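Below is one structure, written out as structure tokens; the observations come after it.
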Amino acid sequence: MTISVLLADDQAMVRGGLRFILEDQPDIRVVAEAADGVEAIDLARRFRPDVCLVDIRMPRLDGIEVTRALAGPGVPRPLRVVVVTTFDLDEYVHGALRCGAVGFVLKDAGPALLVEAVRAAYAGDALISPSVTLRLLRHLTVSAAPVGTGQTRPLSARETEVVRAIARGRTNQEIGAELFISLSTVKSHVSGIQSKLGLRNRVEIAAWAWANRVVEAD
């Protein structure tokens, strides 16, 4: 199994550094590089990589618009987009979240977390790590409107436990261990939660939980 990745960043040195980090892993291969948003969309549609790693600030089209084009509502066969950002750009992060991003990586987060984000996106288990996305979600939900199309059915007690665990950065495996349920049961709960809340991925579940005070800061 090899994870194919598209890199989109307007700085050649940054792209080179990201490529070096990713291709040092035996299971990751960079298949394309883009220097601006328009090129990123074109290459992503042409190569259909497993994961698109997209800078938030790029010429012609920014990372939000790239995310919308590749993973936004109504996009057939959406791609998995991980946005590269900095903590003080929370308004951009929230925009990317609404456009379908499945993860966030801080530019100074380090090689290990970058690799973790790519693998998580590939596995459909979007990066919600306490060290990165959780801080972003806490920050952006202070002023942001709740994500989602509206809760049509109430969550069960167990589903609420799963939501809180997702919001705190737990993986499916960790949730199963904490709640003493199987991995398949966790996945079933996550699917049910997304359906009930009108959300598309785990990142949106976490944002919804923080915005709606389902989970509080420690």
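Each chain of the structure tokens is named A, B, ... in the order shown, its residues numbered from 1; ligands are numbered from 1 in display order.
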
Those of region 11-198 of chain A in DSSP alpha helix (DSSP H), formatted as a PyMOL selection string: chain A and resi 12-23+37-47+63-71+90-98+111-122+133-140+157-167+172-179+183-197

How far is it from CA of Ala32 (chain A) to CA of Leu6 (chain A), in Å with one decimal? 4.9 Å

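With only C-alpha atoms taken into account, the protein and nucleic acid residues at most 6 Å from region 105-119 of chain A (excluding it and anything under 2 positions from it in its own chain) are A:Val84, A:Thr85, A:Thr86, A:Ala121, A:Tyr122, A:Leu127.
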
Selection from above, all heavy atoms, as a short mmCIF file (atom, residue, chain, number, x, y, z; two decimals), in the first residue's frame, can you write it?
```cif
data_model
loop_
_atom_site.label_atom_id
_atom_site.label_comp_id
_atom_site.auth_asym_id
_atom_site.auth_seq_id
_atom_site.Cartn_x
_atom_site.Cartn_y
_atom_site.Cartn_z
N VAL A 84 -2.75 23.15 5.34
CA VAL A 84 -1.57 23.59 6.10
C VAL A 84 -1.79 25.04 6.51
O VAL A 84 -2.09 25.89 5.67
CB VAL A 84 -0.29 23.48 5.25
CG1 VAL A 84 0.93 23.91 6.05
CG2 VAL A 84 -0.11 22.06 4.75
N THR A 85 -1.68 25.32 7.79
CA THR A 85 -2.03 26.67 8.26
C THR A 85 -1.18 27.05 9.46
O THR A 85 -0.30 26.31 9.89
CB THR A 85 -3.52 26.71 8.64
OG1 THR A 85 -3.88 28.05 8.99
CG2 THR A 85 -3.82 25.81 9.81
N THR A 86 -1.43 28.24 9.99
CA THR A 86 -0.83 28.69 11.23
C THR A 86 -1.95 29.02 12.21
O THR A 86 -3.06 29.35 11.80
CB THR A 86 0.05 29.93 11.02
OG1 THR A 86 -0.73 30.93 10.36
CG2 THR A 86 1.27 29.60 10.17
N ALA A 121 -5.73 11.02 7.08
CA ALA A 121 -6.64 11.39 6.00
C ALA A 121 -6.86 10.21 5.06
O ALA A 121 -7.99 9.93 4.64
CB ALA A 121 -6.07 12.58 5.23
N TYR A 122 -5.81 9.51 4.74
CA TYR A 122 -5.91 8.35 3.85
C TYR A 122 -6.82 7.28 4.45
O TYR A 122 -7.61 6.64 3.74
CB TYR A 122 -4.52 7.77 3.59
CG TYR A 122 -4.53 6.49 2.78
CD1 TYR A 122 -4.76 6.54 1.40
CD2 TYR A 122 -4.34 5.25 3.38
CE1 TYR A 122 -4.79 5.37 0.65
CE2 TYR A 122 -4.36 4.09 2.64
CZ TYR A 122 -4.59 4.15 1.27
OH TYR A 122 -4.62 2.99 0.53
N LEU A 127 -7.27 13.87 11.10
CA LEU A 127 -6.42 14.26 12.23
C LEU A 127 -7.16 15.22 13.15
O LEU A 127 -7.51 16.33 12.77
CB LEU A 127 -5.15 14.92 11.71
CG LEU A 127 -4.16 15.33 12.81
CD1 LEU A 127 -3.54 14.10 13.45
CD2 LEU A 127 -3.08 16.24 12.27
#
```

Could you list, as an mmCIF file with all heavy atoms, in the first residue's frame, every residue within 7 Å of region 25-29 of chain A, counting only C-alpha atoms and ignoring same-chain residues fewer than 2 positions away?
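Listing of out15.cif after writing:
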```
data_model
loop_
_atom_site.group_PDB
_atom_site.id
_atom_site.type_symbol
_atom_site.label_atom_id
_atom_site.label_comp_id
_atom_site.auth_asym_id
_atom_site.auth_seq_id
_atom_site.Cartn_x
_atom_site.Cartn_y
_atom_site.Cartn_z
ATOM 1 N N MET A 1 0.826 -1.188 0.000
ATOM 2 C CA MET A 1 0.000 0.000 0.000
ATOM 3 C C MET A 1 0.867 1.247 0.000
ATOM 4 O O MET A 1 1.737 1.411 0.844
ATOM 5 C CB MET A 1 -0.917 -0.002 1.234
ATOM 6 C CG MET A 1 -1.821 1.212 1.366
ATOM 7 S SD MET A 1 -1.064 2.618 2.250
ATOM 8 C CE MET A 1 -0.894 1.952 3.897
ATOM 9 N N THR A 2 0.661 2.120 -0.977
ATOM 10 C CA THR A 2 1.378 3.388 -1.047
ATOM 11 C C THR A 2 0.374 4.532 -1.119
ATOM 12 O O THR A 2 -0.558 4.495 -1.926
ATOM 13 C CB THR A 2 2.298 3.440 -2.278
ATOM 14 O OG1 THR A 2 3.246 2.371 -2.207
ATOM 15 C CG2 THR A 2 3.044 4.769 -2.336
ATOM 16 N N ILE A 3 0.554 5.539 -0.286
ATOM 17 C CA ILE A 3 -0.332 6.698 -0.254
ATOM 18 C C ILE A 3 0.201 7.748 -1.219
ATOM 19 O O ILE A 3 1.334 8.220 -1.063
ATOM 20 C CB ILE A 3 -0.414 7.284 1.165
ATOM 21 C CG1 ILE A 3 -0.863 6.220 2.168
ATOM 22 C CG2 ILE A 3 -1.358 8.487 1.190
ATOM 23 C CD1 ILE A 3 -0.733 6.656 3.612
ATOM 24 N N SER A 4 -0.587 8.111 -2.209
ATOM 25 C CA SER A 4 -0.170 9.145 -3.157
ATOM 26 C C SER A 4 -0.603 10.516 -2.646
ATOM 27 O O SER A 4 -1.721 10.687 -2.152
ATOM 28 C CB SER A 4 -0.774 8.887 -4.538
ATOM 29 O OG SER A 4 -2.189 8.851 -4.480
ATOM 30 N N VAL A 5 0.291 11.497 -2.770
ATOM 31 C CA VAL A 5 0.063 12.825 -2.197
ATOM 32 C C VAL A 5 0.340 13.918 -3.222
ATOM 33 O O VAL A 5 1.315 13.849 -3.976
ATOM 34 C CB VAL A 5 0.968 13.052 -0.962
ATOM 35 C CG1 VAL A 5 0.803 14.464 -0.404
ATOM 36 C CG2 VAL A 5 0.661 12.014 0.120
ATOM 37 N N LEU A 22 7.918 13.482 3.554
ATOM 38 C CA LEU A 22 6.932 12.461 3.211
ATOM 39 C C LEU A 22 7.557 11.254 2.519
ATOM 40 O O LEU A 22 7.235 10.109 2.827
ATOM 41 C CB LEU A 22 5.833 13.066 2.340
ATOM 42 C CG LEU A 22 4.970 14.138 3.002
ATOM 43 C CD1 LEU A 22 3.993 14.739 2.009
ATOM 44 C CD2 LEU A 22 4.222 13.568 4.207
ATOM 45 N N GLU A 23 8.455 11.517 1.576
ATOM 46 C CA GLU A 23 9.021 10.407 0.820
ATOM 47 C C GLU A 23 10.103 9.661 1.588
ATOM 48 O O GLU A 23 10.616 8.653 1.107
ATOM 49 C CB GLU A 23 9.536 10.903 -0.532
ATOM 50 C CG GLU A 23 8.396 11.363 -1.434
ATOM 51 C CD GLU A 23 8.775 11.439 -2.888
ATOM 52 O OE1 GLU A 23 9.962 11.679 -3.184
ATOM 53 O OE2 GLU A 23 7.871 11.264 -3.732
ATOM 54 N N VAL A 31 3.111 12.551 -5.809
ATOM 55 C CA VAL A 31 2.882 12.331 -7.242
ATOM 56 C C VAL A 31 2.793 13.630 -8.035
ATOM 57 O O VAL A 31 2.870 13.613 -9.266
ATOM 58 C CB VAL A 31 1.604 11.501 -7.472
ATOM 59 C CG1 VAL A 31 1.769 10.105 -6.877
ATOM 60 C CG2 VAL A 31 0.378 12.198 -6.904
#
```

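Minimum atom-to-atom distance to Val203 (chain A), evaluated using only C-alpha atoms, belongs to A:Arg170 out of A:Arg153, A:Arg77, A:Arg170, A:Arg45.
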
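Among the candidates A:Arg202, A:His189, A:Arg57, A:Arg158, the residue lying nearest to Leu97 (chain A) is A:Arg202 (atoms considered: only C-alpha atoms).
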
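Residues in contact range of Cys99 (chain A), defined as at most 7 Å between only C-alpha atoms, with sequence neighbours fewer than 3 positions away removed, read Ile64, Thr67, Arg68, Ala71, Gly72, Pro73, Gly95 and Ala96 of chain A.
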
Determine, counting only C-alpha atoms, which protein, DNA and RNA residues have an atom within 12 Å of an atom of Val38 (chain A); residues of the same chain fewer than 6 positions away are not included. Present the result as a JSON list (two decimals) with N, CA, C and O atoms, in the first residue's frame.
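Everything below was put into around_1.json:
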```
[["chain", "number", "residue", "atom", "x", "y", "z"],
["A", 8, "ALA", "N", 0.66, 21.31, -2.50],
["A", 8, "ALA", "CA", 0.32, 22.60, -3.08],
["A", 8, "ALA", "C", 0.80, 23.71, -2.15],
["A", 8, "ALA", "O", 0.27, 23.89, -1.06],
["A", 9, "ASP", "N", 1.84, 24.41, -2.59],
["A", 9, "ASP", "CA", 2.41, 25.51, -1.81],
["A", 9, "ASP", "C", 3.17, 26.40, -2.78],
["A", 9, "ASP", "O", 3.85, 25.90, -3.68],
["A", 10, "ASP", "N", 3.07, 27.72, -2.61],
["A", 10, "ASP", "CA", 3.71, 28.61, -3.57],
["A", 10, "ASP", "C", 5.21, 28.75, -3.37],
["A", 10, "ASP", "O", 5.90, 29.34, -4.20],
["A", 44, "ALA", "N", -4.77, 17.92, -9.13],
["A", 44, "ALA", "CA", -5.53, 17.00, -8.28],
["A", 44, "ALA", "C", -6.56, 16.24, -9.08],
["A", 44, "ALA", "O", -6.75, 15.03, -8.89],
["A", 45, "ARG", "N", -7.24, 16.94, -9.98],
["A", 45, "ARG", "CA", -8.25, 16.27, -10.81],
["A", 45, "ARG", "C", -7.61, 15.31, -11.81],
["A", 45, "ARG", "O", -8.20, 14.29, -12.16],
["A", 54, "VAL", "N", -2.55, 21.03, 1.18],
["A", 54, "VAL", "CA", -2.78, 22.33, 0.54],
["A", 54, "VAL", "C", -2.47, 23.48, 1.48],
["A", 54, "VAL", "O", -3.01, 23.55, 2.60],
["A", 58, "MET", "N", -2.12, 30.92, -1.18],
["A", 58, "MET", "CA", -1.46, 30.68, -2.46],
["A", 58, "MET", "C", -1.95, 31.69, -3.49],
["A", 58, "MET", "O", -3.05, 32.23, -3.35],
["A", 59, "PRO", "N", -1.16, 31.95, -4.53],
["A", 59, "PRO", "CA", -1.60, 32.86, -5.60],
["A", 59, "PRO", "C", -2.77, 32.27, -6.38],
["A", 59, "PRO", "O", -3.00, 31.06, -6.38],
["A", 60, "ARG", "N", -3.50, 33.14, -7.05],
["A", 60, "ARG", "CA", -4.62, 32.83, -7.94],
["A", 60, "ARG", "C", -5.84, 32.29, -7.21],
["A", 60, "ARG", "O", -6.91, 32.89, -7.27],
["A", 61, "LEU", "N", -5.69, 31.18, -6.49],
["A", 61, "LEU", "CA", -6.75, 30.67, -5.63],
["A", 61, "LEU", "C", -6.14, 30.23, -4.31],
["A", 61, "LEU", "O", -5.12, 29.56, -4.30],
["A", 62, "ASP", "N", -6.76, 30.60, -3.19],
["A", 62, "ASP", "CA", -6.21, 30.20, -1.90],
["A", 62, "ASP", "C", -6.67, 28.79, -1.54],
["A", 62, "ASP", "O", -7.44, 28.14, -2.25],
["A", 63, "GLY", "N", -6.17, 28.31, -0.41],
["A", 63, "GLY", "CA", -6.46, 26.95, 0.01],
["A", 63, "GLY", "C", -7.92, 26.68, 0.26],
["A", 63, "GLY", "O", -8.39, 25.55, 0.10],
["A", 64, "ILE", "N", -8.66, 27.71, 0.68],
["A", 64, "ILE", "CA", -10.09, 27.54, 0.92],
["A", 64, "ILE", "C", -10.82, 27.22, -0.39],
["A", 64, "ILE", "O", -11.62, 26.28, -0.46],
["A", 65, "GLU", "N", -10.52, 27.99, -1.42],
["A", 65, "GLU", "CA", -11.18, 27.76, -2.71],
["A", 65, "GLU", "C", -10.74, 26.44, -3.33],
["A", 65, "GLU", "O", -11.54, 25.75, -3.98],
["A", 66, "VAL", "N", -9.48, 26.09, -3.14],
["A", 66, "VAL", "CA", -9.00, 24.79, -3.62],
["A", 66, "VAL", "C", -9.76, 23.66, -2.92],
["A", 66, "VAL", "O", -10.22, 22.70, -3.55],
["A", 67, "THR", "N", -9.91, 23.79, -1.61],
["A", 67, "THR", "CA", -10.64, 22.78, -0.84],
["A", 67, "THR", "C", -12.08, 22.69, -1.31],
["A", 67, "THR", "O", -12.63, 21.59, -1.48],
["A", 69, "ALA", "N", -13.28, 23.36, -4.24],
["A", 69, "ALA", "CA", -13.34, 22.75, -5.56],
["A", 69, "ALA", "C", -13.10, 21.25, -5.54],
["A", 69, "ALA", "O", -13.67, 20.50, -6.34],
["A", 70, "LEU", "N", -12.27, 20.81, -4.60],
["A", 70, "LEU", "CA", -11.89, 19.39, -4.57],
["A", 70, "LEU", "C", -12.73, 18.56, -3.60],
["A", 70, "LEU", "O", -12.86, 17.34, -3.79]]
```

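For the pair CA of Ser156 (chain A) and CA of Ile193 (chain A), the interatomic distance is 9.3 Å.
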
Every residue of region 25-213 of chain A that DSSP places in strand (DSSP E or B), as a PyMOL selection string: chain A and resi 28-34+51-55+81-85+103-106
